[in-house]
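A.B. asks: Structure file final_20.cif (mmCIF, C-alpha atoms) is given on the next line.
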data_structure
#
loop_
_atom_site.label_atom_id
_atom_site.label_comp_id
_atom_site.auth_asym_id
_atom_site.auth_seq_id
_atom_site.Cartn_x
_atom_site.Cartn_y
_atom_site.Cartn_z
CA MET G 1304 0.00 0.00 0.00
CA HIS G 1305 3.09 2.28 0.17
CA ILE G 1306 3.08 4.07 -3.19
CA PRO G 1307 6.71 4.40 -4.37
CA ASP G 1308 8.26 7.36 -6.19
CA GLY G 1309 7.38 7.37 -9.86
CA TYR G 1310 3.85 5.96 -9.64
CA LEU G 1311 2.10 9.28 -9.07
CA GLY G 1312 2.47 12.27 -11.36
CA PRO G 1313 2.95 15.82 -10.06
CA TYR G 1314 -0.77 16.79 -10.10
CA THR G 1315 -1.55 13.98 -7.72
CA TYR G 1316 1.40 14.16 -5.36
CA VAL G 1317 1.37 17.95 -5.06
CA PHE G 1318 -2.38 17.83 -4.42
CA PHE G 1319 -1.96 15.36 -1.57
CA PHE G 1320 0.96 17.28 -0.06
CA LEU G 1321 -1.28 20.35 0.06
CA VAL G 1322 -4.17 18.43 1.58
CA MET G 1323 -1.88 16.87 4.17
CA ALA G 1324 -0.19 20.19 5.00
CA GLY G 1325 -3.62 21.47 6.00
CA LEU G 1326 -4.54 18.32 7.90
CA TRP G 1327 -1.19 18.13 9.69
CA SER G 1328 -1.35 21.72 10.89
CA TYR G 1329 -5.04 21.55 11.87
CA GLY G 1330 -4.61 18.08 13.39
CA GLY G 1331 -1.56 19.18 15.34
CA ARG G 1332 -3.55 21.97 16.96
CA ARG G 1333 -6.49 19.66 17.68
CA LEU G 1334 -4.21 17.08 19.27
CA GLN G 1335 -2.34 19.67 21.32
CA LYS G 1336 -5.62 20.87 22.81
CA SER G 1337 -6.68 17.45 24.07
CA LEU G 1338 -3.39 15.63 24.68
CA LYS G 1339 -2.60 14.84 28.31
CA ALA G 1340 0.95 14.53 29.58
CA ARG G 1341 0.39 10.94 30.67
CA GLN G 1342 -0.69 10.00 27.14
CA VAL G 1343 2.65 10.95 25.59
CA PRO G 1344 4.37 7.58 26.20
CA PHE G 1345 1.31 5.83 24.74
CA LEU G 1346 1.55 8.08 21.70
CA ALA G 1347 5.18 7.01 21.18
CA VAL G 1348 4.32 3.33 21.64
CA GLY G 1349 1.45 3.72 19.17
CA ALA G 1350 3.75 5.15 16.51
CA ALA G 1351 6.27 2.34 17.03
CA PHE G 1352 3.46 -0.23 16.92
CA SER G 1353 2.27 1.07 13.57
CA PHE G 1354 5.82 1.24 12.20
CA LEU G 1355 6.51 -2.36 13.24
CA VAL G 1356 3.18 -3.91 12.29
CA MET G 1357 3.68 -2.62 8.73
CA MET G 1358 6.90 -4.65 8.53
CA PHE G 1359 4.98 -7.91 8.90
CA ASN G 1360 4.28 -8.70 5.28
CA VAL G 1361 1.54 -11.28 4.97
CA PRO G 1362 1.98 -13.54 1.94
CA ILE G 1363 -0.58 -14.65 -0.59
CA PRO G 1364 1.07 -17.82 -1.90
CA ALA G 1365 2.65 -17.31 -5.33
CA GLY G 1366 0.93 -13.93 -5.49
CA THR G 1367 1.70 -10.82 -3.54
CA THR G 1368 2.09 -9.49 -0.02
CA GLY G 1369 0.32 -6.95 2.14
CA HIS G 1370 0.29 -5.88 5.74
CA ALA G 1371 -1.76 -4.39 8.53
CA VAL G 1372 -1.27 -0.72 9.42
CA GLY G 1373 -2.58 -0.45 12.98
CA ALA G 1374 -4.04 3.02 12.35
CA VAL G 1375 -7.59 2.16 13.47
CA ALA G 1376 -6.37 0.61 16.73
CA ILE G 1377 -4.47 3.81 17.52
CA ALA G 1378 -7.49 5.93 16.59
CA ILE G 1379 -9.78 3.97 18.92
CA ILE G 1380 -7.31 4.03 21.83
CA LEU G 1381 -5.86 7.55 21.54
CA GLY G 1382 -8.21 9.32 19.14
CA PRO G 1383 -8.08 9.85 15.37
CA TRP G 1384 -5.88 12.98 15.56
CA ALA G 1385 -3.30 10.98 17.50
CA ALA G 1386 -3.45 8.32 14.78
CA LEU G 1387 -2.88 10.98 12.12
CA LEU G 1388 0.31 12.15 13.85
CA THR G 1389 1.74 8.75 14.80
CA VAL G 1390 1.11 6.94 11.51
CA SER G 1391 2.38 9.97 9.56
CA VAL G 1392 5.67 9.93 11.49
CA ALA G 1393 6.00 6.17 10.88
CA LEU G 1394 5.36 6.66 7.15
CA ILE G 1395 7.88 9.51 6.86
CA ILE G 1396 10.63 7.43 8.52
CA GLN G 1397 9.73 4.48 6.29
CA ALA G 1398 10.07 6.60 3.16
CA LEU G 1399 13.24 8.49 4.10
CA LEU G 1400 15.25 5.73 5.75
CA PHE G 1401 13.97 2.52 4.21
CA GLY G 1402 12.62 3.53 0.80
CA ASP G 1403 9.23 2.03 1.72
CA GLY G 1404 6.90 4.47 -0.01
CA GLY G 1405 8.29 7.29 -2.12
CA ILE G 1406 9.23 10.71 -0.80
CA THR G 1407 7.07 12.36 -3.45
CA ALA G 1408 4.23 10.05 -2.35
CA ILE G 1409 4.44 10.85 1.38
CA GLY G 1410 1.40 13.11 1.10
CA ALA G 1411 -0.72 10.52 -0.70
CA ASN G 1412 0.43 7.65 1.50
CA ALA G 1413 -0.26 9.69 4.63
CA PHE G 1414 -3.70 10.64 3.31
CA ASN G 1415 -4.56 6.96 2.74
CA MET G 1416 -3.07 5.31 5.82
CA ALA G 1417 -2.76 8.12 8.39
CA PHE G 1418 -5.94 10.07 7.63
CA LEU G 1419 -8.60 8.14 5.71
CA MET G 1420 -8.02 4.81 7.42
CA PRO G 1421 -8.04 5.91 11.08
CA PHE G 1422 -10.91 8.39 10.65
CA ILE G 1423 -13.20 5.98 8.84
CA GLY G 1424 -12.27 3.15 11.19
CA TYR G 1425 -12.86 5.39 14.18
CA LEU G 1426 -16.33 6.41 12.97
CA VAL G 1427 -17.28 2.79 12.31
CA PHE G 1428 -16.08 1.83 15.78
CA VAL G 1429 -17.99 4.60 17.53
CA VAL G 1430 -21.24 3.59 15.81
CA LEU G 1431 -20.78 -0.17 16.35
CA ASN G 1432 -19.66 0.26 19.94
CA ARG G 1433 -22.77 2.25 20.70
CA LEU G 1434 -24.99 -0.38 19.04
CA GLN G 1435 -23.26 -3.48 20.39
CA GLY G 1436 -22.00 -2.28 23.74
CA GLU G 1437 -18.65 -2.72 25.45
CA LYS G 1438 -19.08 -6.50 25.71
CA ARG G 1439 -18.52 -6.84 22.00
CA VAL G 1440 -15.63 -4.42 21.81
CA PHE G 1441 -13.41 -6.98 20.06
CA LEU G 1442 -15.89 -7.41 17.21
CA SER G 1443 -16.56 -3.68 16.86
CA ALA G 1444 -12.84 -2.90 16.73
CA ALA G 1445 -12.13 -5.75 14.30
CA ILE G 1446 -14.82 -4.62 11.85
CA ALA G 1447 -13.59 -1.02 12.15
CA GLY G 1448 -10.02 -2.13 11.35
CA TYR G 1449 -11.19 -4.17 8.39
CA ILE G 1450 -13.23 -1.33 6.89
CA GLY G 1451 -10.54 1.28 7.60
CA LEU G 1452 -7.83 -0.73 5.85
CA ASN G 1453 -10.03 -1.37 2.84
CA PHE G 1454 -10.80 2.32 2.42
CA ALA G 1455 -7.07 3.03 2.46
CA ALA G 1456 -6.52 0.30 -0.16
CA LEU G 1457 -9.33 1.66 -2.34
CA ALA G 1458 -7.94 5.21 -2.17
CA THR G 1459 -4.50 3.90 -3.10
CA ALA G 1460 -5.97 2.00 -6.06
CA VAL G 1461 -7.87 5.08 -7.29
CA GLU G 1462 -4.80 7.34 -7.00
CA LEU G 1463 -2.75 4.82 -9.00
CA GLY G 1464 -5.49 4.08 -11.51
CA ILE G 1465 -6.14 7.70 -12.54
CA GLN G 1466 -2.49 8.26 -13.55
CA PRO G 1467 -2.89 7.05 -17.16
CA LEU G 1468 -5.78 9.55 -17.53
CA LEU G 1469 -3.78 12.44 -16.06
CA HIS G 1470 -0.38 11.84 -17.59
CA SER G 1471 0.01 10.13 -20.93
CA VAL G 1472 2.03 11.09 -23.99
CA ALA G 1473 0.93 9.59 -27.29
CA GLY G 1474 -1.12 6.99 -25.44
CA ARG G 1475 1.81 5.95 -23.25
CA PRO G 1476 1.40 6.52 -19.51
CA LEU G 1477 4.23 8.48 -17.88
CA TYR G 1478 3.66 7.16 -14.37
CA CYS G 1479 1.61 4.22 -13.06
CA PRO G 1480 0.65 2.51 -16.33
CA TYR G 1481 -2.35 0.58 -15.01
CA PRO G 1482 -5.91 1.94 -15.33
CA LEU G 1483 -8.60 1.81 -12.64
CA THR G 1484 -10.00 -1.41 -14.10
CA ILE G 1485 -6.76 -3.12 -13.07
CA THR G 1486 -5.64 -1.23 -9.97
CA VAL G 1487 -8.95 -1.44 -8.11
CA PRO G 1488 -9.50 -5.21 -8.36
CA ALA G 1489 -5.80 -5.93 -7.81
CA MET G 1490 -5.64 -3.88 -4.62
CA MET G 1491 -9.06 -4.86 -3.29
CA ILE G 1492 -8.83 -8.65 -3.61
CA GLY G 1493 -5.80 -8.78 -1.32
CA HIS G 1494 -7.20 -6.33 1.20
CA LEU G 1495 -10.79 -7.60 1.26
CA LEU G 1496 -9.48 -11.09 1.92
CA PRO G 1497 -6.26 -11.86 3.80
CA PHE G 1498 -4.87 -8.44 4.74
CA GLY G 1499 -8.19 -7.06 5.95
CA PHE G 1500 -8.63 -10.05 8.24
CA VAL G 1501 -5.14 -9.59 9.65
CA GLU G 1502 -5.93 -5.92 10.34
CA ALA G 1503 -9.23 -6.97 11.94
CA ILE G 1504 -7.61 -9.42 14.33
CA VAL G 1505 -4.76 -7.05 15.21
CA THR G 1506 -7.21 -4.19 15.85
CA GLY G 1507 -9.59 -6.32 17.91
CA PHE G 1508 -6.80 -7.78 19.98
CA VAL G 1509 -4.92 -4.53 20.64
CA VAL G 1510 -8.06 -2.55 21.51
CA THR G 1511 -9.40 -5.25 23.85
CA PHE G 1512 -6.03 -5.62 25.57
CA MET G 1513 -5.53 -1.88 26.04
CA ARG G 1514 -9.03 -1.38 27.46
CA LYS G 1515 -8.52 -4.19 29.93
CA GLU G 1516 -5.12 -2.94 31.09
CA TRP G 1517 -5.65 0.81 31.08
CA GLY G 1518 -9.33 1.44 30.65
CA GLU G 1519 -9.80 4.50 28.54
CA VAL G 1520 -6.31 5.85 27.97
CA THR G 1521 -7.82 9.06 26.72
CA MET D 53 3.69 0.63 30.39
CA ARG D 54 6.62 -1.77 30.68
CA LYS D 55 4.50 -4.51 29.10
CA LEU D 56 4.04 -2.38 26.01
CA TRP D 57 7.75 -1.67 25.55
CA ILE D 58 8.48 -5.40 25.94
CA ALA D 59 5.78 -6.18 23.36
CA LEU D 60 7.46 -3.77 20.93
CA LEU D 61 10.83 -5.44 21.54
CA VAL D 62 9.27 -8.83 20.80
CA LEU D 63 7.85 -7.43 17.55
CA VAL D 64 11.34 -6.17 16.61
CA LEU D 65 12.88 -9.58 17.25
CA ILE D 66 10.26 -11.57 15.31
CA SER D 67 10.02 -8.98 12.49
CA PRO D 68 11.96 -11.21 10.02
CA LEU D 69 8.75 -13.27 9.77
CA GLY D 70 7.64 -10.39 7.53
CA ILE D 71 10.19 -11.45 4.90
CA ILE D 72 10.63 -15.16 5.69
CA LEU D 73 6.95 -16.06 5.20
CA PRO D 74 6.65 -14.28 1.82
CA ALA D 75 9.90 -15.97 0.69
CA LEU D 76 8.56 -19.34 1.83
CA PHE D 77 5.35 -18.90 -0.16
CA ASP D 78 7.12 -17.35 -3.15
CA SER D 79 4.89 -14.29 -2.91
CA GLY D 80 7.02 -11.65 -4.62
CA SER D 81 6.54 -7.99 -3.68
CA ALA D 82 3.48 -5.97 -2.76
CA TRP D 83 1.17 -5.01 -5.64
CA GLY D 84 2.18 -1.70 -7.20
CA GLU D 85 5.54 -1.48 -5.44
CA TRP D 86 7.76 -2.76 -8.26
CA SER D 87 10.82 -1.01 -9.68
CA SER D 88 10.45 0.72 -13.05
CA GLN D 89 12.57 -2.10 -14.48
CA GLN D 90 9.99 -4.68 -13.34
CA VAL D 91 7.13 -2.54 -14.61
CA GLY D 92 8.93 -2.36 -17.96
CA GLU D 93 9.09 -6.13 -18.14
CA MET D 94 5.37 -6.41 -17.37
CA VAL D 95 3.93 -3.75 -19.67
CA GLY D 96 6.57 -3.70 -22.41
CA PHE D 97 7.90 -0.18 -21.82
CA ILE D 98 9.30 1.80 -18.91
CA PRO D 99 7.07 4.81 -18.17
CA LYS D 100 9.31 7.88 -18.66
CA GLY D 101 8.20 9.85 -15.62
CA MET D 102 8.44 6.80 -13.42
CA GLU D 103 12.05 6.20 -14.37
CA LYS D 104 12.95 9.80 -13.57
CA LEU D 105 11.11 10.10 -10.24
CA GLU D 106 12.30 6.72 -9.05
CA ALA D 107 15.91 7.95 -9.04
CA LEU D 108 15.02 10.92 -6.84
CA TRP D 109 15.80 9.31 -3.51
CA LYS D 110 18.20 6.58 -2.46
CA ALA D 111 17.21 5.26 0.95
CA PRO D 112 20.18 4.39 3.19
CA LEU D 113 18.62 1.07 4.28
CA PRO D 114 16.59 0.04 1.21
CA ASP D 115 13.72 -2.34 2.00
CA TYR D 116 14.83 -2.55 5.64
CA SER D 117 18.10 -4.24 4.67
CA LEU D 118 21.71 -3.56 5.58
CA PRO D 119 23.76 -3.83 2.38
CA LEU D 120 26.77 -5.18 4.32
CA PHE D 121 24.80 -8.24 5.50
CA GLY D 122 24.32 -9.47 1.93
CA GLN D 123 21.25 -10.77 0.15
CA SER D 124 20.90 -14.23 1.75
CA LEU D 125 17.69 -14.74 3.74
CA LYS D 126 19.83 -14.85 6.89
CA GLY D 127 21.56 -11.58 6.05
CA LEU D 128 18.28 -9.96 5.09
CA SER D 129 16.65 -11.15 8.34
CA LEU D 130 19.49 -9.70 10.40
CA GLY D 131 19.23 -6.42 8.51
CA TYR D 132 15.46 -6.47 9.05
CA ILE D 133 15.88 -6.72 12.83
CA VAL D 134 18.45 -3.91 12.89
CA SER D 135 16.14 -1.79 10.69
CA ALA D 136 13.13 -2.53 12.89
CA PHE D 137 15.11 -1.51 15.97
CA LEU D 138 16.53 1.66 14.42
CA GLY D 139 13.20 2.68 12.93
CA THR D 140 11.41 2.10 16.23
CA LEU D 141 13.97 4.19 18.12
CA LEU D 142 13.60 7.05 15.65
CA VAL D 143 9.81 6.97 15.55
CA VAL D 144 9.60 6.81 19.35
CA ALA D 145 12.08 9.66 19.78
CA LEU D 146 10.27 11.86 17.27
CA VAL D 147 6.77 11.26 18.60
CA TYR D 148 7.91 11.49 22.22
CA GLY D 149 9.55 14.81 21.39
CA ILE D 150 6.45 16.14 19.64
CA GLY D 151 4.25 14.90 22.50
CA LEU D 152 6.42 16.51 25.19
CA TYR D 153 6.46 19.74 23.21
CA MET D 154 2.68 19.72 22.85
CA THR D 155 2.11 19.11 26.56
CA ARG D 156 4.92 21.34 27.87
CA GLY D 157 4.12 22.95 31.19
CA ARG D 158 0.92 20.92 31.38
CA HIS D 159 0.00 18.91 34.45
CA ASP D 160 -2.83 16.45 34.12
CA ALA D 161 -5.80 17.04 36.35
CA PRO D 162 -6.26 14.06 38.67
#
Go ahead and express the file in the form of structure tokens.

C.D. replies:
Amino acid sequence: MHIPDGYLGPYTYVFFFLVMAGLWSYGGRRLQKSLKARQVPFLAVGAAFSFLVMMFNVPIPAGTTGHAVGAVAIAIILGPWAALLTVSVALIIQALLFGDGGITAIGANAFNMAFLMPFIGYLVFVVLNRLQGEKRVFLSAAIAGYIGLNFAALATAVELGIQPLLHSVAGRPLYCPYPLTITVPAMMIGHLLPFGFVEAIVTGFVVTFMRKEWGEVT
Amino acid sequence: MRKLWIALLVLVLISPLGIILPALFDSGSAWGEWSSQQVGEMVGFIPKGMEKLEALWKAPLPDYSLPLFGQSLKGLSLGYIVSAFLGTLLVVALVYGIGLYMTRGRHDAP
């Protein structure tokens, strides 16, 4: 799900840098208002958790790999603005130090995994948790993680798939060469099936554990 | 809190599973994360902009590997653990710093 350098043309990556610049500055102020001193270590652990969980590539035999992101778990435990900060920092380190995700694509990758995913997952969790109650917190969190990850995958697929429309010279794409009809199914099959389930289990487990140990950290 | 730091350390130490399992199942790389060379082989031409942008940044530890450990699965696994540890330290330091800055002079109400 980490878009590398070269897959997105300038219209797309500049657009997402602008969007993220706004979200990062607004989100930073939102987080600063609500963040408690005792939450800071949890914030650091959350960022490390997301960084590490993304290193666990889950294989589809003779096919491809994918991974969980952990963004929805962080959003449920510490709030979606905390998820925006922590997952963004993890993604920036991944791009700069390890070449996982391009530096031109940091804006788009952050939009998908650090914004869209935790906010959608968080909303789903809030609704389900209200309907199902705290007894079913594992299930609510798992479904939220699953849906959050799949929205991130869909956004990634759309960003990649519109490149041939935006940037082609004499019918030859300049960046990602695959159209939406290929990128969307290719990304979604993996994330609707194995990777989404991994995210669901990780989210359910982490949220349940944290609530048992610390109650509401927030 | 200590439990959480220990859990992170465990994740660092078992992180090579993230490359060993895909190697075991012959899974290749993640969809849409190929080099321009690989894209060229698949679609018959290397997209011009892709080739140019790809060369923009050379990561010091590409794909969480340490070049000096070689390309064997053992070397890659060792590099993966070192990368996981380094990355975790950096991410923790950065977010801790940001968090302390945001909450400076703030004492939580009981």

A.B. asks: Between CA of Ala1378 (chain G) and CA of Ile1363 (chain G), what is the distance, to one decimal in Å?

C.D. replies: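 Separation of CA of Ala1378 (chain G) and CA of Ile1363 (chain G): 27.7 Å.
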
A.B. asks: What are the nearest atom pairs, with distances in Å to one decimal, for all residues of region 67-105 of chain D that come at most 10 Å from region 115-134 of chain D, using all atoms listed in the file, set out by chain and rising residue number as CSV?

C.D. replies:
residue,atom,partner,partner_atom,distance
D:Ser67,CA,D:Ile133,CA,6.3
D:Pro68,CA,D:Ser129,CA,5.0
D:Leu69,CA,D:Ser129,CA,8.3
D:Gly70,CA,D:Tyr132,CA,8.9
D:Ile71,CA,D:Ser129,CA,7.3
D:Ile72,CA,D:Leu125,CA,7.3
D:Ala75,CA,D:Leu125,CA,8.5

A.B. asks: With all atoms listed in the file considered, list every residue of chain G at most 7 Å from chain D, as a ChimeraX atom specification.

C.D. replies: /G:1306-1310,1335,1338-1340,1343-1344,1346-1348,1350-1352,1354-1355,1358-1369,1389,1392-1393,1396,1399-1403,1476-1478,1490

A.B. asks: With the file shown as input, list the residues that the PyMOL selection byres ((chain G and resi 1509-1513) around 7) selects, as a PyMOL selection string.

C.D. replies: chain G and resi 1376+1380+1440-1441+1444+1505-1508+1514-1518

A.B. asks: So how far away is CA of Tyr1481 (chain G) from CA of Gly1312 (chain G), in Å?

C.D. replies: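 Calculated distance between CA of Gly1312 (chain G) and CA of Tyr1481 (chain G) is 13.2 Å.
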
A.B. asks: Find the residue from G:Ala1417, G:Ala1456, G:Ile1379, G:Gly1493 that sits nearest to Asn1432 (chain G); use all atoms listed in the file when measuring.

C.D. replies: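 Once distances to Asn1432 (chain G) are computed over all atoms listed in the file, the minimum belongs to G:Ile1379.
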
A.B. asks: For region 1316-1332 of chain G, list every protein, DNA or RNA residue within 7 Å, evaluated using only C-alpha atoms, and leave out those in the same chain fewer than 5 positions away; present the list as a ChimeraX atom specification.

C.D. replies: /G:1311,1384,1407-1408,1410-1411,1414

A.B. asks: For region 1467-1482 of chain G, what centre and edge lengths in Å (one decimal) does the axis-aligned box get once 5 Å is added on each side of all its listed atoms, as lines of an AutoDock Vina configuration file?

C.D. replies:
center_x = -0.8
center_y = 6.5
center_z = -20.2
size_x = 20.1
size_y = 21.9
size_z = 24.2

A.B. asks: Between CA of Ile1485 (chain G) and CA of Gly1464 (chain G), what is the distance, to one decimal in Å?

C.D. replies: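 Computing it gives 7.5 Å between the two atoms.
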
A.B. asks: I need the residue nearest Phe1422 (chain G) from this list: G:Tyr1449, G:Leu1381, G:Gly1405, G:Val1375. Use all atoms listed in the file for the distance.

C.D. replies: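 Using all atoms listed in the file, Phe1422 (chain G) sits closest to G:Val1375.
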
A.B. asks: On this structure, the PyMOL selection byres ((chain G and resi 1494) around 12) would catch which residues? List them as number ranges by chain, sorted by chain and number.

C.D. replies: G: 1304, 1361-1363, 1367-1372, 1448-1457, 1459-1460, 1487-1493, 1495-1503; D: 82-83

A.B. asks: For the selection just defined, write its residues with C-alpha atoms to a file, as a PDB file, in the coordinates of the input.

C.D. replies:
ATOM      1  CA  MET G1304       0.000   0.000   0.000  1.00  0.00           C
ATOM      2  CA  VAL G1361       1.540 -11.280   4.970  1.00  0.00           C
ATOM      3  CA  PRO G1362       1.980 -13.540   1.940  1.00  0.00           C
ATOM      4  CA  ILE G1363      -0.580 -14.650  -0.590  1.00  0.00           C
ATOM      5  CA  THR G1367       1.700 -10.820  -3.540  1.00  0.00           C
ATOM      6  CA  THR G1368       2.090  -9.490  -0.020  1.00  0.00           C
ATOM      7  CA  GLY G1369       0.320  -6.950   2.140  1.00  0.00           C
ATOM      8  CA  HIS G1370       0.290  -5.880   5.740  1.00  0.00           C
ATOM      9  CA  ALA G1371      -1.760  -4.390   8.530  1.00  0.00           C
ATOM     10  CA  VAL G1372      -1.270  -0.720   9.420  1.00  0.00           C
ATOM     11  CA  GLY G1448     -10.020  -2.130  11.350  1.00  0.00           C
ATOM     12  CA  TYR G1449     -11.190  -4.170   8.390  1.00  0.00           C
ATOM     13  CA  ILE G1450     -13.230  -1.330   6.890  1.00  0.00           C
ATOM     14  CA  GLY G1451     -10.540   1.280   7.600  1.00  0.00           C
ATOM     15  CA  LEU G1452      -7.830  -0.730   5.850  1.00  0.00           C
ATOM     16  CA  ASN G1453     -10.030  -1.370   2.840  1.00  0.00           C
ATOM     17  CA  PHE G1454     -10.800   2.320   2.420  1.00  0.00           C
ATOM     18  CA  ALA G1455      -7.070   3.030   2.460  1.00  0.00           C
ATOM     19  CA  ALA G1456      -6.520   0.300  -0.160  1.00  0.00           C
ATOM     20  CA  LEU G1457      -9.330   1.660  -2.340  1.00  0.00           C
ATOM     21  CA  THR G1459      -4.500   3.900  -3.100  1.00  0.00           C
ATOM     22  CA  ALA G1460      -5.970   2.000  -6.060  1.00  0.00           C
ATOM     23  CA  VAL G1487      -8.950  -1.440  -8.110  1.00  0.00           C
ATOM     24  CA  PRO G1488      -9.500  -5.210  -8.360  1.00  0.00           C
ATOM     25  CA  ALA G1489      -5.800  -5.930  -7.810  1.00  0.00           C
ATOM     26  CA  MET G1490      -5.640  -3.880  -4.620  1.00  0.00           C
ATOM     27  CA  MET G1491      -9.060  -4.860  -3.290  1.00  0.00           C
ATOM     28  CA  ILE G1492      -8.830  -8.650  -3.610  1.00  0.00           C
ATOM     29  CA  GLY G1493      -5.800  -8.780  -1.320  1.00  0.00           C
ATOM     30  CA  LEU G1495     -10.790  -7.600   1.260  1.00  0.00           C
ATOM     31  CA  LEU G1496      -9.480 -11.090   1.920  1.00  0.00           C
ATOM     32  CA  PRO G1497      -6.260 -11.860   3.800  1.00  0.00           C
ATOM     33  CA  PHE G1498      -4.870  -8.440   4.740  1.00  0.00           C
ATOM     34  CA  GLY G1499      -8.190  -7.060   5.950  1.00  0.00           C
ATOM     35  CA  PHE G1500      -8.630 -10.050   8.240  1.00  0.00           C
ATOM     36  CA  VAL G1501      -5.140  -9.590   9.650  1.00  0.00           C
ATOM     37  CA  GLU G1502      -5.930  -5.920  10.340  1.00  0.00           C
ATOM     38  CA  ALA G1503      -9.230  -6.970  11.940  1.00  0.00           C
TER      39      ALA G1503
ATOM     40  CA  ALA D  82       3.480  -5.970  -2.760  1.00  0.00           C
ATOM     41  CA  TRP D  83       1.170  -5.010  -5.640  1.00  0.00           C
TER      42      TRP D  83
END
